[in-house]
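To be precise, the following lines are final-v8.txt, and they hold compact mmCIF, C-alpha atoms.
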# COMPACT_ATOMS: atom_id res chain seq x y z
CA MET W 1 -74.49 19.87 13.34
CA GLY W 2 -72.88 19.06 10.02
CA ALA W 3 -74.29 22.11 8.23
CA SER W 4 -73.46 25.76 8.42
CA ALA W 5 -75.95 28.33 9.54
CA ASP W 6 -77.76 30.29 6.85
CA ALA W 7 -77.59 27.38 4.41
CA GLU W 8 -79.53 26.96 1.17
CA THR W 9 -81.09 23.73 -0.07
CA ASP W 10 -83.99 22.38 -2.11
CA VAL W 11 -86.15 21.09 0.74
CA VAL W 12 -86.21 21.59 4.49
CA VAL W 13 -88.03 18.86 6.42
CA ILE W 14 -89.06 19.95 9.91
CA GLY W 15 -89.25 17.00 12.29
CA GLY W 16 -87.17 13.82 12.46
CA GLY W 17 -89.88 11.36 13.47
CA GLN W 18 -91.43 8.73 11.25
CA ALA W 19 -93.06 11.15 8.79
CA GLY W 20 -89.91 13.24 8.41
CA LEU W 21 -87.75 10.16 7.86
CA ALA W 22 -90.16 8.78 5.27
CA ALA W 23 -89.97 12.10 3.43
CA GLY W 24 -86.18 11.93 3.65
CA TYR W 25 -86.14 8.47 2.12
CA PHE W 26 -88.04 9.62 -0.96
CA LEU W 27 -86.13 12.90 -1.22
CA ARG W 28 -82.91 10.88 -1.25
CA ARG W 29 -84.28 8.72 -4.06
CA ALA W 30 -85.34 11.86 -5.96
CA LYS W 31 -81.75 13.15 -5.67
CA ALA W 32 -82.98 16.38 -4.07
CA ARG W 33 -80.81 18.47 -1.80
CA PHE W 34 -82.44 18.47 1.61
CA VAL W 35 -81.97 18.64 5.34
CA ILE W 36 -84.10 17.30 8.21
CA LEU W 37 -84.21 19.61 11.22
CA ASP W 38 -85.23 17.85 14.43
CA ASP W 39 -85.64 19.55 17.80
CA ARG W 40 -84.90 16.40 19.82
CA GLU W 41 -81.61 15.34 21.33
CA SER W 42 -81.80 11.80 19.91
CA PRO W 43 -83.54 9.82 17.15
CA GLY W 44 -86.98 8.25 17.40
CA GLY W 45 -89.39 11.16 17.38
CA ALA W 46 -91.99 10.96 20.13
CA TRP W 47 -91.63 7.20 20.51
CA GLY W 48 -89.06 7.62 23.26
CA ASP W 49 -91.59 9.58 25.33
CA TYR W 50 -94.44 7.06 25.33
CA TRP W 51 -95.46 5.14 28.40
CA ASP W 52 -93.42 2.05 29.21
CA SER W 53 -95.95 -0.63 28.22
CA LEU W 54 -97.13 0.89 24.93
CA ARG W 55 -97.13 -1.47 21.97
CA LEU W 56 -97.95 -1.10 18.30
CA PHE W 57 -101.34 -2.27 17.05
CA SER W 58 -99.66 -4.32 14.31
CA PRO W 59 -96.83 -6.85 14.10
CA ALA W 60 -93.45 -5.54 12.97
CA ALA W 61 -93.95 -6.94 9.45
CA HIS W 62 -96.96 -4.63 9.02
CA SER W 63 -95.30 -1.51 10.45
CA PRO W 64 -92.50 -0.53 8.05
CA LEU W 65 -91.18 2.74 6.80
CA PRO W 66 -90.39 2.71 3.07
CA GLY W 67 -87.42 0.65 1.96
CA TRP W 68 -86.72 -1.38 5.08
CA TRP W 69 -89.08 -3.67 6.96
CA MET W 70 -89.06 -3.35 10.72
CA PRO W 71 -87.26 -6.33 12.28
CA GLU W 72 -89.26 -8.42 14.72
CA GLU W 73 -88.79 -7.79 18.41
CA PRO W 74 -87.66 -11.07 20.02
CA GLY W 75 -90.51 -12.74 21.87
CA GLN W 76 -93.07 -10.04 21.01
CA GLU W 77 -95.81 -10.14 18.38
CA TYR W 78 -96.52 -6.42 18.79
CA PRO W 79 -93.36 -4.26 19.02
CA SER W 80 -92.74 -1.99 22.00
CA ALA W 81 -92.15 1.75 21.78
CA ARG W 82 -88.50 1.13 22.63
CA HIS W 83 -88.18 -1.22 19.67
CA VAL W 84 -89.71 1.38 17.35
CA THR W 85 -87.31 4.02 18.66
CA ASP W 86 -84.36 1.76 17.88
CA TYR W 87 -85.76 1.03 14.42
CA LEU W 88 -86.10 4.72 13.59
CA ALA W 89 -82.56 5.41 14.80
CA GLU W 90 -81.18 2.62 12.63
CA TYR W 91 -83.32 3.80 9.69
CA GLU W 92 -81.56 7.19 9.81
CA ARG W 93 -78.17 5.50 9.72
CA ARG W 94 -79.15 2.96 7.07
CA TYR W 95 -80.15 5.64 4.56
CA ASP W 96 -77.64 8.24 5.72
CA LEU W 97 -80.37 10.82 6.17
CA PRO W 98 -79.07 14.36 6.85
CA VAL W 99 -80.73 14.94 10.22
CA ARG W 100 -79.50 17.93 12.24
CA ARG W 101 -80.34 17.92 15.92
CA PRO W 102 -81.19 19.42 18.25
CA VAL W 103 -82.39 22.20 15.93
CA ALA W 104 -85.77 23.75 16.71
CA VAL W 105 -87.50 25.68 13.92
CA THR W 106 -89.15 28.74 15.43
CA GLU W 107 -90.80 30.03 12.27
CA VAL W 108 -91.16 29.49 8.55
CA ARG W 109 -91.48 32.61 6.43
CA ARG W 110 -91.43 33.65 2.80
CA ALA W 111 -88.16 34.89 1.35
CA GLY W 112 -87.80 35.80 -2.30
CA GLY W 113 -89.06 32.93 -4.40
CA GLY W 114 -88.81 30.39 -1.60
CA LEU W 115 -89.19 29.85 2.12
CA GLU W 116 -86.94 30.22 5.15
CA ALA W 117 -86.82 27.99 8.22
CA VAL W 118 -85.57 30.10 11.12
CA THR W 119 -83.72 28.47 14.02
CA ALA W 120 -81.42 29.55 16.83
CA ALA W 121 -78.63 27.85 14.88
CA GLY W 122 -79.25 29.89 11.74
CA THR W 123 -81.64 30.09 8.82
CA TRP W 124 -82.15 27.46 6.12
CA ARG W 125 -83.47 28.76 2.81
CA ALA W 126 -85.36 26.29 0.64
CA ARG W 127 -87.63 26.02 -2.37
CA HIS W 128 -90.02 23.79 -0.41
CA VAL W 129 -90.67 23.03 3.25
CA VAL W 130 -92.17 19.82 4.63
CA SER W 131 -93.64 20.22 8.10
CA ALA W 132 -93.68 16.89 9.97
CA THR W 133 -93.72 18.03 13.60
CA GLY W 134 -96.55 15.76 14.72
CA THR W 135 -98.86 16.40 17.69
CA TRP W 136 -97.09 15.06 20.80
CA SER W 137 -95.79 18.48 21.84
CA ARG W 138 -99.33 19.92 21.93
CA PRO W 139 -101.39 17.91 24.43
CA PHE W 140 -105.01 19.02 24.69
CA LEU W 141 -106.78 19.53 28.02
CA PRO W 142 -110.55 20.15 27.95
CA ASP W 143 -111.90 23.16 29.79
CA VAL W 144 -113.79 21.32 32.53
CA PRO W 145 -115.18 23.55 35.31
CA GLY W 146 -113.12 23.29 38.48
CA ARG W 147 -110.04 21.85 36.81
CA ASP W 148 -107.88 24.44 38.56
CA LEU W 149 -109.47 23.64 41.94
CA PHE W 150 -108.56 19.97 42.09
CA GLU W 151 -105.81 19.43 44.66
CA GLY W 152 -104.77 15.97 43.55
CA ARG W 153 -102.38 15.17 40.77
CA GLN W 154 -103.34 15.91 37.17
CA LEU W 155 -101.37 14.58 34.23
CA HIS W 156 -101.83 14.11 30.51
CA THR W 157 -100.96 11.07 28.42
CA VAL W 158 -97.61 12.74 27.67
CA ASP W 159 -96.73 12.68 31.38
CA TYR W 160 -97.73 9.09 32.13
CA ARG W 161 -95.03 6.42 32.28
CA SER W 162 -96.11 3.43 34.41
CA PRO W 163 -98.80 2.38 36.93
CA GLU W 164 -96.61 1.62 39.93
CA GLU W 165 -96.62 5.16 41.33
CA PHE W 166 -100.43 5.05 41.54
CA ALA W 167 -100.63 1.85 43.59
CA GLY W 168 -103.48 1.98 46.11
CA GLN W 169 -104.78 5.31 44.82
CA ARG W 170 -108.11 6.41 43.36
CA VAL W 171 -107.46 7.36 39.73
CA VAL W 172 -109.84 8.87 37.18
CA VAL W 173 -108.97 8.25 33.52
CA VAL W 174 -110.63 10.66 31.07
CA GLY W 175 -110.93 9.94 27.35
CA GLY W 176 -112.54 7.49 24.94
CA GLY W 177 -109.62 6.43 22.76
CA ASN W 178 -106.83 3.89 22.68
CA SER W 179 -104.52 5.70 25.08
CA ALA W 180 -107.23 5.92 27.72
CA ALA W 181 -108.15 2.25 27.37
CA GLN W 182 -104.56 1.03 27.54
CA ILE W 183 -103.62 3.22 30.49
CA LEU W 184 -106.84 2.34 32.32
CA ALA W 185 -106.16 -1.34 31.74
CA GLU W 186 -102.87 -1.32 33.58
CA LEU W 187 -103.82 1.21 36.24
CA SER W 188 -106.81 -0.94 37.18
CA GLU W 189 -104.43 -3.68 38.31
CA VAL W 190 -102.93 -1.51 41.06
CA ALA W 191 -105.45 1.26 41.73
CA ARG W 192 -109.17 1.92 42.10
CA THR W 193 -110.13 3.41 38.73
CA ALA W 194 -113.01 5.22 37.08
CA TRP W 195 -113.26 5.75 33.33
CA LEU W 196 -114.98 8.91 32.10
CA THR W 197 -115.92 9.47 28.45
CA ARG W 198 -118.06 12.02 26.62
CA ARG W 199 -119.84 9.26 24.74
CA PRO W 200 -119.93 5.48 25.18
CA PRO W 201 -116.61 4.03 24.02
CA ARG W 202 -116.72 1.84 20.93
CA LEU W 203 -114.60 -1.30 21.20
CA MET W 204 -113.39 -2.86 17.97
CA PRO W 205 -113.80 -6.60 17.34
CA ASP W 206 -111.06 -8.68 18.91
CA ASP W 207 -109.64 -9.73 15.54
CA VAL W 208 -109.10 -6.15 14.31
CA ASP W 209 -105.59 -4.76 14.59
CA GLY W 210 -103.46 -2.26 12.70
CA ARG W 211 -103.32 -4.43 9.60
CA VAL W 212 -107.08 -4.29 9.18
CA LEU W 213 -107.22 -0.59 10.04
CA PHE W 214 -104.70 0.33 7.39
CA ASP W 215 -106.46 -1.78 4.76
CA VAL W 216 -109.78 -0.13 5.57
CA ALA W 217 -108.27 3.36 5.50
CA THR W 218 -106.65 2.59 2.15
CA ARG W 219 -109.90 1.37 0.60
CA ARG W 220 -111.62 4.50 1.87
CA THR W 221 -108.97 6.68 0.24
CA LEU W 222 -109.34 4.80 -3.04
CA GLY W 223 -113.08 5.40 -3.08
CA GLY W 224 -114.37 2.28 -1.36
CA ALA W 225 -117.94 2.23 -0.14
CA ASP W 226 -117.26 1.09 3.42
CA GLY W 227 -117.57 3.50 6.31
CA GLY W 228 -113.85 3.78 6.93
CA VAL W 229 -111.90 3.03 10.10
CA GLY W 230 -114.43 4.91 12.23
CA ALA W 231 -117.12 2.36 11.37
CA LEU W 232 -115.12 -0.35 13.17
CA GLY W 233 -114.93 1.48 16.49
CA ASP W 234 -112.46 3.62 18.37
CA ILE W 235 -110.46 1.23 20.57
CA VAL W 236 -108.24 -1.58 19.32
CA MET W 237 -108.48 -4.63 21.58
CA VAL W 238 -104.79 -5.23 22.23
CA PRO W 239 -104.11 -8.02 24.75
CA SER W 240 -103.99 -5.75 27.82
CA VAL W 241 -107.31 -4.10 26.92
CA ARG W 242 -108.96 -7.47 26.24
CA ALA W 243 -107.79 -8.65 29.65
CA ALA W 244 -109.22 -5.53 31.28
CA ARG W 245 -112.54 -6.11 29.55
CA ASP W 246 -112.60 -9.68 30.79
CA ARG W 247 -111.99 -8.40 34.34
CA GLY W 248 -114.98 -6.07 33.97
CA VAL W 249 -112.86 -2.91 34.03
CA LEU W 250 -113.94 -1.37 30.72
CA LYS W 251 -117.11 0.18 32.07
CA ALA W 252 -117.21 3.85 31.19
CA GLN W 253 -119.18 6.50 33.03
CA PRO W 254 -120.40 9.81 31.59
CA MET W 255 -118.06 12.76 31.71
CA ALA W 256 -118.15 14.61 35.03
CA GLU W 257 -119.87 17.97 35.12
CA ARG W 258 -117.12 19.55 37.19
CA LEU W 259 -114.10 18.97 39.38
CA THR W 260 -113.84 19.83 43.04
CA ARG W 261 -110.88 20.08 45.41
CA THR W 262 -111.10 16.36 46.12
CA GLY W 263 -112.59 14.69 43.05
CA VAL W 264 -115.31 14.78 40.40
CA VAL W 265 -119.04 15.49 40.45
CA TRP W 266 -121.59 14.30 37.88
CA ALA W 267 -124.67 16.14 36.63
CA ASP W 268 -126.95 14.08 38.91
CA GLY W 269 -125.01 15.22 41.98
CA SER W 270 -123.15 11.95 42.57
CA ALA W 271 -119.46 12.35 43.33
CA MET W 272 -116.21 10.43 43.57
CA GLU W 273 -113.07 11.36 45.40
CA ALA W 274 -109.81 10.97 43.51
CA ASP W 275 -106.10 11.17 44.13
CA ALA W 276 -105.19 11.64 40.48
CA ILE W 277 -106.73 12.40 37.10
CA VAL W 278 -105.14 11.19 33.88
CA TRP W 279 -106.30 13.25 30.89
CA CYS W 280 -106.13 11.02 27.80
CA THR W 281 -107.83 13.74 25.80
CA GLY W 282 -105.75 13.91 22.67
CA PHE W 283 -103.54 16.40 20.92
CA ARG W 284 -103.52 19.23 18.45
CA ALA W 285 -101.17 19.60 15.49
CA ALA W 286 -97.91 21.41 16.35
CA LEU W 287 -98.04 24.12 13.70
CA ASP W 288 -97.15 27.36 15.50
CA HIS W 289 -93.96 27.66 13.46
CA LEU W 290 -96.08 28.12 10.33
CA ALA W 291 -97.92 31.22 11.60
CA PRO W 292 -95.92 33.74 9.47
CA LEU W 293 -97.22 31.99 6.34
CA GLU W 294 -100.85 32.47 7.42
CA PRO W 295 -101.91 29.05 6.09
CA PHE W 296 -104.94 28.68 8.36
CA ASP W 297 -108.59 29.13 7.43
CA ALA W 298 -111.24 30.78 9.64
CA ASP W 299 -111.62 27.55 11.65
CA GLY W 300 -107.90 27.29 12.32
CA ARG W 301 -107.36 24.42 9.88
CA VAL W 302 -104.85 24.25 7.05
CA PRO W 303 -106.64 23.60 3.74
CA LEU W 304 -104.71 21.00 1.74
CA ASP W 305 -104.57 19.45 -1.69
CA GLY W 306 -103.13 16.08 -0.72
CA ALA W 307 -100.24 17.17 1.50
CA ARG W 308 -99.74 20.52 -0.25
CA CYS W 309 -100.94 23.68 1.47
CA LEU W 310 -103.45 25.51 -0.70
CA ARG W 311 -102.49 28.93 0.64
CA GLU W 312 -98.75 28.33 0.26
CA PRO W 313 -97.97 25.67 -2.36
CA ARG W 314 -94.31 25.45 -1.33
CA LEU W 315 -95.42 24.09 2.04
CA HIS W 316 -96.36 20.44 2.60
CA LEU W 317 -97.77 18.79 5.76
CA LEU W 318 -97.09 15.16 6.65
CA GLY W 319 -98.09 12.86 9.48
CA TYR W 320 -100.67 14.86 11.43
CA GLY W 321 -103.59 12.48 11.01
CA ASP W 322 -106.05 11.39 8.36
CA TRP W 323 -106.50 14.99 7.20
CA THR W 324 -102.94 14.88 5.83
CA GLY W 325 -103.44 11.45 4.22
CA ALA W 326 -105.00 8.11 5.07
CA ALA W 327 -103.38 6.69 8.23
CA SER W 328 -100.60 9.26 7.84
CA ALA W 329 -99.88 9.28 11.58
CA THR W 330 -98.93 5.59 11.47
CA LEU W 331 -95.60 4.11 10.45
CA ILE W 332 -96.87 2.39 7.32
CA GLY W 333 -99.17 5.29 6.40
CA ALA W 334 -96.37 7.82 6.72
CA GLY W 335 -94.54 6.21 3.83
CA ARG W 336 -97.48 6.33 1.46
CA THR W 337 -98.26 9.99 2.08
CA ALA W 338 -94.59 10.97 1.97
CA LYS W 339 -94.15 9.25 -1.40
CA ALA W 340 -96.98 11.23 -2.95
CA ALA W 341 -95.84 14.52 -1.44
CA VAL W 342 -92.22 14.12 -2.52
CA ALA W 343 -93.31 13.18 -6.05
CA ARG W 344 -95.04 16.55 -6.36
CA ILE W 345 -92.05 18.35 -4.86
CA ALA W 346 -89.66 16.62 -7.25
CA GLU W 347 -91.88 17.58 -10.17
CA ASP W 348 -91.78 21.21 -9.10
CA LEU W 349 -88.02 21.15 -8.60
CA GLY W 350 -87.55 19.65 -12.04
CA ALA W 351 -89.71 22.33 -13.63
CA GLU W 352 -87.77 25.07 -11.82
CA ARG W 353 -84.44 23.69 -13.00
CA ALA W 354 -85.74 23.42 -16.55
CA HIS W 355 -86.42 27.14 -16.51
What do you get writing this file as structure tokens?
Amino acid sequence: MGASADAETDVVVIGGGQAGLAAGYFLRRAKARFVILDDRESPGGAWGDYWDSLRLFSPAAHSPLPGWWMPEEPGQEYPSARHVTDYLAEYERRYDLPVRRPVAVTEVRRAGGGLEAVTAAGTWRARHVVSATGTWSRPFLPDVPGRDLFEGRQLHTVDYRSPEEFAGQRVVVVGGGNSAAQILAELSEVARTAWLTRRPPRLMPDDVDGRVLFDVATRRTLGGADGGVGALGDIVMVPSVRAARDRGVLKAQPMAERLTRTGVVWADGSAMEADAIVWCTGFRAALDHLAPLEPFDADGRVPLDGARCLREPRLHLLGYGDWTGAASATLIGAGRTAKAAVARIAEDLGAERAH
């Protein structure tokens, strides 16, 4: 692991994905002592778990972490998940970031004037903790009546890899976001599909990709008057989704009222039999390790000032979505939010040393 158990440092970063690495880059520049604890066996964060055909919304040149632009993937305008995984692995090596893996943090608790990150490999004591554990490990399944009765296959986005195993089947895809649209697009080429959404899906204009989304999110953060990313729609029209639209596949139906043993039933009594249901219904932030700090409000959210936790100012959250910074769950957005968070941490560390 390269570090002894029960070590002491300035900052513990929990999570070695894009947000954690961006924090590490700026901590290195700030000359802070730090460690990145990652519970995975290999680099790349959740990118190595995504379905085979997933591609970024932006070209490589618009998807960098701080300090090093992502190289282009040969023959591809939009990089694959595999290419991003390789980029993140090389980023660790390039900046010699002190990532320890596999080390899972089970809890963060107060200890003296600082915090402790508790793991099976020992305890790291730190003045500040950056939580960058993402959402992939906490898939969300809606409580639809009859979900436990359905005898076909049920899987979440995290379980889906490729369409071939569904060839010739009847597949229901649930969800109104990008994952649902992309998975539906390729499943529809080999299976009979139905797309269920709680409200009509909103398709973005064909010329909008991640570059535009980040620019809009940035203007919103800086006080612009536009309606933000949400005003553009929910689904980016990547090539596979455009092709599905042109085939007439992107026709959503209302959410089913309930599931049965053999399929789904709508409120008007109409029904469809299904062999499989793919729940593309999103994620929740993976924050259970923070429970001892009691950072949550009555609604289960963590109130923040930028990335800093209001109820525990030595705790900082990065990369969980727009609530932790504009576009903070994207590669390019992770760098911006990490820079601001580490600047505040470095200021605090400097003040502590001065005293």
Open item on the list: When you count all atoms listed in the file, which of these residues is closest to Ala81 (chain W): W:Phe57, W:Trp279, W:Phe140, W:Trp69?
Closed with: W:Phe57
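Using only C-alpha atoms, the nearest neighbour of Glu165 (chain W) within the list W:Val105, W:Val264, W:Ala276, W:Val238 is W:Ala276.
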Open item on the list: Give me, as a PyMOL selection string, all polymer residues having an atom no more than 8 Å from Gly152 (chain W), counting all atoms listed in the file and skipping those fewer than 2 positions away in the same chain.
Closed with: chain W and resi 150+154+261-263+274-277
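Distances to Ile332 (chain W) were evaluated for W:Gly75, W:Ser53, W:Asp39, W:Pro66 using all atoms listed in the file, and the minimum falls at W:Pro66.
Straight-line separation from CA of Thr135 (chain W) to CA of Leu250 (chain W): 26.7 Å.
Interatomic distance, CA of Val35 (chain W) against CA of Pro79 (chain W): 29.0 Å.
Minimum atom-to-atom distance to Asp38 (chain W), evaluated using only C-alpha atoms, belongs to W:Thr119 out of W:Thr9, W:Thr119, W:Ser179, W:Thr85.
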TODO: Mind checking which residues fall within 12 Å of Glu347 (chain W), counting all atoms listed in the file, ignoring those fewer than 3 positions away in the same chain, and posting them as a count of residues only?
DONE: 15
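Shortest separation to Ala22 (chain W) among W:Gly176, W:Gly335, W:Pro145, W:Pro74 occurs at residue W:Gly335, atoms counted being all atoms listed in the file.
You can rank W:Ala267, W:Ala298, W:Leu54, W:Leu88 by their closest distance to Met70 (chain W) using all atoms listed in the file, and at the top of that list sits W:Leu88.
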With a distance cut-off of 8 Å and only C-alpha atoms, select the neighbouring residues of Pro139 (chain W), excluding the residue or stretch itself and same-chain residues fewer than 6 positions from it, and output the selection as a PDB file with C-alpha atoms, keeping the file's coordinate frame.
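What landed in around_18.pdb:
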ATOM      1  CA  HIS W 156    -101.830  14.110  30.510  1.00  0.00           C
ATOM      2  CA  THR W 157    -100.960  11.070  28.420  1.00  0.00           C
ATOM      3  CA  VAL W 158     -97.610  12.740  27.670  1.00  0.00           C
ATOM      4  CA  THR W 281    -107.830  13.740  25.800  1.00  0.00           C
ATOM      5  CA  GLY W 282    -105.750  13.910  22.670  1.00  0.00           C
ATOM      6  CA  PHE W 283    -103.540  16.400  20.920  1.00  0.00           C
ATOM      7  CA  ARG W 284    -103.520  19.230  18.450  1.00  0.00           C
TER       8      ARG W 284
END
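Across the model, the gap from CA of Pro239 (chain W) to CA of Val174 (chain W) is 20.8 Å.
Near Trp266 (chain W), within 8 Å and counting only C-alpha atoms, sit Pro254, Met255, Ala256, Glu257, Arg258, Ser270 and Ala271 of chain W, not including residues fewer than 4 positions from it in the same chain.
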TODO: Write out as a PyMOL selection string each polymer residue whose atoms come within 9 Å of Thr330 (chain W), counting only C-alpha atoms; drop sequence neighbours fewer than 6 positions from it.
DONE: chain W and resi 18-19+63+214+319+321
Would you compute, for all listed atoms of region 176-195 of chain W, the axis-aligned bounding box grown by 8 Å on each side, and then report its centre and edge lengths in Å rounded to one decimal, as lines of an AutoDock Vina configuration file?
center_x = -108.1
center_y = 1.9
center_z = 32.4
size_x = 26.4
size_y = 27.2
size_z = 35.4
Output region 88-96 of chain W from the block with all heavy atoms, as an mmCIF file, in the first residue's frame?
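To be explicit, this is the file written out as selection-v6.cif:
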data_model
loop_
_atom_site.group_PDB
_atom_site.id
_atom_site.type_symbol
_atom_site.label_atom_id
_atom_site.label_comp_id
_atom_site.auth_asym_id
_atom_site.auth_seq_id
_atom_site.Cartn_x
_atom_site.Cartn_y
_atom_site.Cartn_z
ATOM 1 N N LEU W 88 -7.166 8.217 -17.019
ATOM 2 C CA LEU W 88 -7.109 8.429 -15.575
ATOM 3 C C LEU W 88 -5.947 7.642 -14.954
ATOM 4 O O LEU W 88 -5.283 8.132 -14.036
ATOM 5 C CB LEU W 88 -8.431 8.025 -14.928
ATOM 6 C CG LEU W 88 -9.658 8.863 -15.322
ATOM 7 C CD1 LEU W 88 -10.899 8.363 -14.602
ATOM 8 C CD2 LEU W 88 -9.438 10.338 -15.035
ATOM 9 N N ALA W 89 -5.717 6.434 -15.453
ATOM 10 C CA ALA W 89 -4.593 5.644 -14.939
ATOM 11 C C ALA W 89 -3.262 6.340 -15.220
ATOM 12 O O ALA W 89 -2.375 6.418 -14.358
ATOM 13 C CB ALA W 89 -4.607 4.247 -15.559
ATOM 14 N N GLU W 90 -3.120 6.867 -16.434
ATOM 15 C CA GLU W 90 -1.890 7.554 -16.792
ATOM 16 C C GLU W 90 -1.759 8.880 -16.033
ATOM 17 O O GLU W 90 -0.647 9.303 -15.680
ATOM 18 C CB GLU W 90 -1.848 7.806 -18.299
ATOM 19 C CG GLU W 90 -0.574 8.484 -18.793
ATOM 20 C CD GLU W 90 0.694 7.706 -18.432
ATOM 21 O OE1 GLU W 90 0.646 6.452 -18.382
ATOM 22 O OE2 GLU W 90 1.732 8.349 -18.172
ATOM 23 N N TYR W 91 -2.884 9.518 -15.760
ATOM 24 C CA TYR W 91 -2.876 10.777 -14.995
ATOM 25 C C TYR W 91 -2.286 10.551 -13.602
ATOM 26 O O TYR W 91 -1.471 11.355 -13.125
ATOM 27 C CB TYR W 91 -4.308 11.297 -14.894
ATOM 28 C CG TYR W 91 -4.447 12.700 -14.356
ATOM 29 C CD1 TYR W 91 -4.453 13.793 -15.218
ATOM 30 C CD2 TYR W 91 -4.595 12.939 -12.992
ATOM 31 C CE1 TYR W 91 -4.599 15.090 -14.732
ATOM 32 C CE2 TYR W 91 -4.740 14.230 -12.496
ATOM 33 C CZ TYR W 91 -4.739 15.304 -13.372
ATOM 34 O OH TYR W 91 -4.881 16.578 -12.885
ATOM 35 N N GLU W 92 -2.686 9.461 -12.960
ATOM 36 C CA GLU W 92 -2.104 9.116 -11.652
ATOM 37 C C GLU W 92 -0.589 9.010 -11.733
ATOM 38 O O GLU W 92 0.145 9.538 -10.893
ATOM 39 C CB GLU W 92 -2.656 7.770 -11.161
ATOM 40 C CG GLU W 92 -4.024 7.803 -10.579
ATOM 41 C CD GLU W 92 -4.388 6.443 -9.979
ATOM 42 O OE1 GLU W 92 -3.450 5.708 -9.576
ATOM 43 O OE2 GLU W 92 -5.577 6.129 -9.935
ATOM 44 N N ARG W 93 -0.122 8.284 -12.762
ATOM 45 C CA ARG W 93 1.322 8.069 -12.897
ATOM 46 C C ARG W 93 2.042 9.378 -13.244
ATOM 47 O O ARG W 93 3.120 9.664 -12.726
ATOM 48 C CB ARG W 93 1.587 7.012 -13.969
ATOM 49 C CG ARG W 93 1.156 5.606 -13.574
ATOM 50 C CD ARG W 93 1.646 4.579 -14.572
ATOM 51 N NE ARG W 93 0.945 4.690 -15.851
ATOM 52 C CZ ARG W 93 -0.165 4.013 -16.155
ATOM 53 N NH1 ARG W 93 -0.700 3.186 -15.258
ATOM 54 N NH2 ARG W 93 -0.731 4.156 -17.334
ATOM 55 N N ARG W 94 1.438 10.160 -14.115
ATOM 56 C CA ARG W 94 2.066 11.387 -14.597
ATOM 57 C C ARG W 94 2.361 12.347 -13.450
ATOM 58 O O ARG W 94 3.432 12.976 -13.406
ATOM 59 C CB ARG W 94 1.139 12.041 -15.623
ATOM 60 C CG ARG W 94 1.721 13.253 -16.331
ATOM 61 C CD ARG W 94 0.676 13.835 -17.279
ATOM 62 N NE ARG W 94 1.216 14.902 -18.100
ATOM 63 C CZ ARG W 94 1.749 14.750 -19.306
ATOM 64 N NH1 ARG W 94 1.814 13.534 -19.843
ATOM 65 N NH2 ARG W 94 2.218 15.775 -19.986
ATOM 66 N N TYR W 95 1.428 12.447 -12.506
ATOM 67 C CA TYR W 95 1.590 13.386 -11.394
ATOM 68 C C TYR W 95 1.970 12.700 -10.089
ATOM 69 O O TYR W 95 1.988 13.343 -9.038
ATOM 70 C CB TYR W 95 0.313 14.218 -11.233
ATOM 71 C CG TYR W 95 0.096 15.130 -12.413
ATOM 72 C CD1 TYR W 95 -0.908 14.871 -13.330
ATOM 73 C CD2 TYR W 95 0.943 16.212 -12.639
ATOM 74 C CE1 TYR W 95 -1.088 15.687 -14.442
ATOM 75 C CE2 TYR W 95 0.771 17.030 -13.743
ATOM 76 C CZ TYR W 95 -0.240 16.769 -14.642
ATOM 77 O OH TYR W 95 -0.399 17.569 -15.746
ATOM 78 N N ASP W 96 2.307 11.423 -10.192
ATOM 79 C CA ASP W 96 2.793 10.664 -9.034
ATOM 80 C C ASP W 96 1.876 10.860 -7.829
ATOM 81 O O ASP W 96 2.338 11.180 -6.722
ATOM 82 C CB ASP W 96 4.225 11.086 -8.696
ATOM 83 C CG ASP W 96 4.883 10.145 -7.691
ATOM 84 O OD1 ASP W 96 4.467 8.962 -7.632
ATOM 85 O OD2 ASP W 96 5.791 10.588 -6.962
#
